[in-house]
Amino acid sequence: MKRKTLKNVISHNGIGLHKGEIIKLKLIPASSGGIIFKRVDLEEGKNIIHLSPDNTFDLTRGTNLKNEYGAAVFTIEHFMSAMYVKGITDLIVELDGNELPICDGSALKFLELIEEAGVQELEEDVAEIIVKEPIYLSKGDKHVIALPYDGYKLTYTIKFDHTFLKSQLAEFLVDEETYKKEIAPARTFCFDYEIDYLKKNNLALGGSLENAIVVKKDGVLNPEGLRFEDEFVRHKMLDIIGDLKILNRPIKAHIIAIKAGHLIDVEFSQLLNKIS
């Protein structure tokens with residue numbers, strides 16, 4: 001497969017989930033170099049952060065990157081999920097803050113930005129990750145498995161000890177059409193009892209019912225309700241697609257995830273990365 005970038009520069013301003021500040025995002029085509037985050041609010045020369053599993057840190061509530069100087073970018077998974085499906089391998093991502101805009105909590109806005117800017121193929125090929133034998137990683141009750149498959153298929157199951165949100169299972173082929181219709185619109189979510197903790201720890205300061213689903217004991221607080229009955233597991237699928245994009249290579253496999261999350265996703269990417 002050919003490496004790809006955008007045809008044109010495109011910008012978007014939006015609120016950051018955790019700090020609650022307006023972030024200016026600019027996507028700039030690149031002919032090589034992979035995906036690079038550039039913090040324009042920091043000192044030149046120390047503000048470049050490369051997309052790499054080696055640069056990840058603090059994966060409790062999102063997928064975050066930092067460089068050797070401490071420059072960081074938080075919550076990249078929704079953006080990277082859209083980048084994967086559109087096949088973007090080379091790009092300069094300029095930010096004037098330390099996180100991506102949360103938009104509506106899904107990947108739809110990032111898809112729209114890519115489509116508006118256009119996609120162009122580059123000269124070089126990108127090596128696919130082709131799973132030829134089963135690979136698995138387990139951490140307690142969390143599991144990720146990759147099986148040989150001629151394409152990219154994702155099966156995901158979640159389970160919560162909650163009165164409203166219990167178990168959900170979904171399976172989709174990860175292609176552009178299916179992703180845009182079935183996965184990209186699924187929004188991030190949290191439980192109502194988490195909100196006080198998040199605010200006290202200066203997290204989710206930009207969170208609202210416009211960019212997240214808030215789950216209460218008998219439903220959701222969002223007046224418009226859910227976009228899908230199983231929107232929660234679909235969002236987890238969106239996340240793992242973005243997390244595995246950290247390898248910046250197309251994947252040929254059937255990925256099965258059980259109660260996974262950012263930490264195990266990124267650790268699993270290290271196993272996939274060993275495949276030549």
# chains A, B, ... in the order shown; residues from 1 in each chain; ligands from 1
call {"tool": "residues_around", "arguments": {"residues": "Ile114 (chain A)", "least_positions_apart": "3", "cutoff": "12 Å", "atoms": "only C-alpha atoms", "output": "JSON, numbers by chain"}}
result
{"A": [4, 5, 6, 7, 8, 9, 10, 11, 12, 26, 27, 28, 29, 79, 80, 81, 82, 83, 84, 85, 86, 87, 88, 91, 107, 108, 109, 110, 111, 117, 118, 119, 120]}
call {"tool": "select_by_dssp", "arguments": {"residues": "region 73-273 of chain A", "states": "helix (DSSP H, G or I)", "output": "VMD selection string"}}
result
chain A and resid 77 to 86 108 to 117 176 to 183 192 to 200 231 to 247 262 to 273
call {"tool": "closest_residue", "arguments": {"among": "A:Gly261, A:Gly207, A:Gly219, A:Pro148", "to": "Leu238 (chain A)", "atoms": "only C-alpha atoms"}}
result
A:Gly261
call {"tool": "select_by_dssp", "arguments": {"residues": "region 46-131 of chain A", "states": "strand (DSSP E)", "output": "ChimeraX atom specification"}}
result
/A:48-50,56-57,64-66,72-73,91-95,119-125,129-130
call {"tool": "closest_atom_pairs", "arguments": {"of": "region 84-201 of chain A", "to": "region 224-235 of chain A", "cutoff": "9 Å", "atoms": "only C-alpha atoms", "output": "Markdown table"}}
result
| residue | atom | partner | partner_atom | distance |
| --- | --- | --- | --- | --- |
| A:Ser106 | CA | A:His235 | CA | 7.5 |
| A:Tyr156 | CA | A:Val233 | CA | 6.8 |
| A:Thr157 | CA | A:Val233 | CA | 6.6 |
| A:Ile158 | CA | A:Val233 | CA | 6.2 |
| A:Leu165 | CA | A:Phe232 | CA | 8.5 |
| A:Ser167 | CA | A:Val233 | CA | 8.8 |
| A:Gln168 | CA | A:Val233 | CA | 6.0 |
| A:Leu169 | CA | A:Val233 | CA | 6.6 |
| A:Ala170 | CA | A:Val233 | CA | 6.7 |
| A:Glu171 | CA | A:Arg234 | CA | 8.9 |
| A:Glu182 | CA | A:Arg234 | CA | 7.6 |
| A:Ile183 | CA | A:Arg234 | CA | 5.5 |
| A:Ala184 | CA | A:His235 | CA | 7.8 |
| A:Pro185 | CA | A:Arg227 | CA | 7.5 |
| A:Ala186 | CA | A:His235 | CA | 4.8 |
| A:Arg187 | CA | A:His235 | CA | 5.8 |
| A:Thr188 | CA | A:His235 | CA | 6.1 |
| A:Phe189 | CA | A:Phe232 | CA | 7.1 |
call {"tool": "decode", "arguments": {"residues": "region 28-48 of chain A", "atoms": "N, CA and C atoms", "output": "CSV table (one decimal), in the first residue's frame"}}
result
chain,number,residue,atom,x,y,z
A,28,ILE,N,-1.1,19.8,8.3
A,28,ILE,CA,-0.2,20.2,7.2
A,28,ILE,C,0.3,19.0,6.4
A,29,PRO,N,0.1,18.9,5.1
A,29,PRO,CA,0.7,17.8,4.3
A,29,PRO,C,2.2,17.6,4.5
A,30,ALA,N,2.6,16.3,4.5
A,30,ALA,CA,4.1,16.0,4.6
A,30,ALA,C,4.4,14.9,3.6
A,31,SER,N,5.5,15.0,3.0
A,31,SER,CA,5.9,14.0,2.0
A,31,SER,C,6.6,12.8,2.6
A,32,SER,N,7.0,12.9,3.9
A,32,SER,CA,7.7,11.8,4.6
A,32,SER,C,7.7,12.2,6.1
A,33,GLY,N,8.3,11.3,6.8
A,33,GLY,CA,8.5,11.6,8.3
A,33,GLY,C,7.5,11.0,9.2
A,34,GLY,N,6.5,10.3,8.7
A,34,GLY,CA,5.4,9.8,9.5
A,34,GLY,C,4.5,10.9,10.0
A,35,ILE,N,3.8,10.6,11.2
A,35,ILE,CA,2.9,11.6,11.7
A,35,ILE,C,3.6,12.3,12.9
A,36,ILE,N,3.7,13.6,12.8
A,36,ILE,CA,4.4,14.4,13.8
A,36,ILE,C,3.5,15.4,14.4
A,37,PHE,N,3.5,15.5,15.7
A,37,PHE,CA,2.8,16.6,16.4
A,37,PHE,C,3.7,17.7,16.8
A,38,LYS,N,3.3,18.9,16.5
A,38,LYS,CA,4.2,20.1,16.7
A,38,LYS,C,3.4,21.1,17.6
A,39,ARG,N,4.0,21.2,18.8
A,39,ARG,CA,3.4,22.2,19.8
A,39,ARG,C,3.9,23.6,19.5
A,40,VAL,N,3.1,24.4,18.8
A,40,VAL,CA,3.6,25.7,18.4
A,40,VAL,C,3.6,26.7,19.6
A,41,ASP,N,3.1,26.3,20.8
A,41,ASP,CA,3.1,27.1,22.0
A,41,ASP,C,4.3,26.9,22.8
A,42,LEU,N,5.2,26.0,22.3
A,42,LEU,CA,6.4,25.6,23.1
A,42,LEU,C,7.7,26.1,22.3
A,43,GLU,N,8.8,26.0,23.0
A,43,GLU,CA,10.1,26.4,22.4
A,43,GLU,C,10.4,25.6,21.2
A,44,GLU,N,10.8,26.3,20.1
A,44,GLU,CA,11.2,25.6,18.8
A,44,GLU,C,12.4,24.7,19.1
A,45,GLY,N,12.4,23.5,18.5
A,45,GLY,CA,13.4,22.6,18.7
A,45,GLY,C,13.2,21.5,19.8
A,46,LYS,N,12.2,21.9,20.7
A,46,LYS,CA,11.9,20.9,21.7
A,46,LYS,C,10.4,20.6,21.7
A,47,ASN,N,9.7,21.0,20.6
A,47,ASN,CA,8.3,20.9,20.6
A,47,ASN,C,7.7,19.9,19.6
A,48,ILE,N,8.6,19.0,19.1
A,48,ILE,CA,8.2,18.0,18.1
A,48,ILE,C,8.0,16.6,18.8
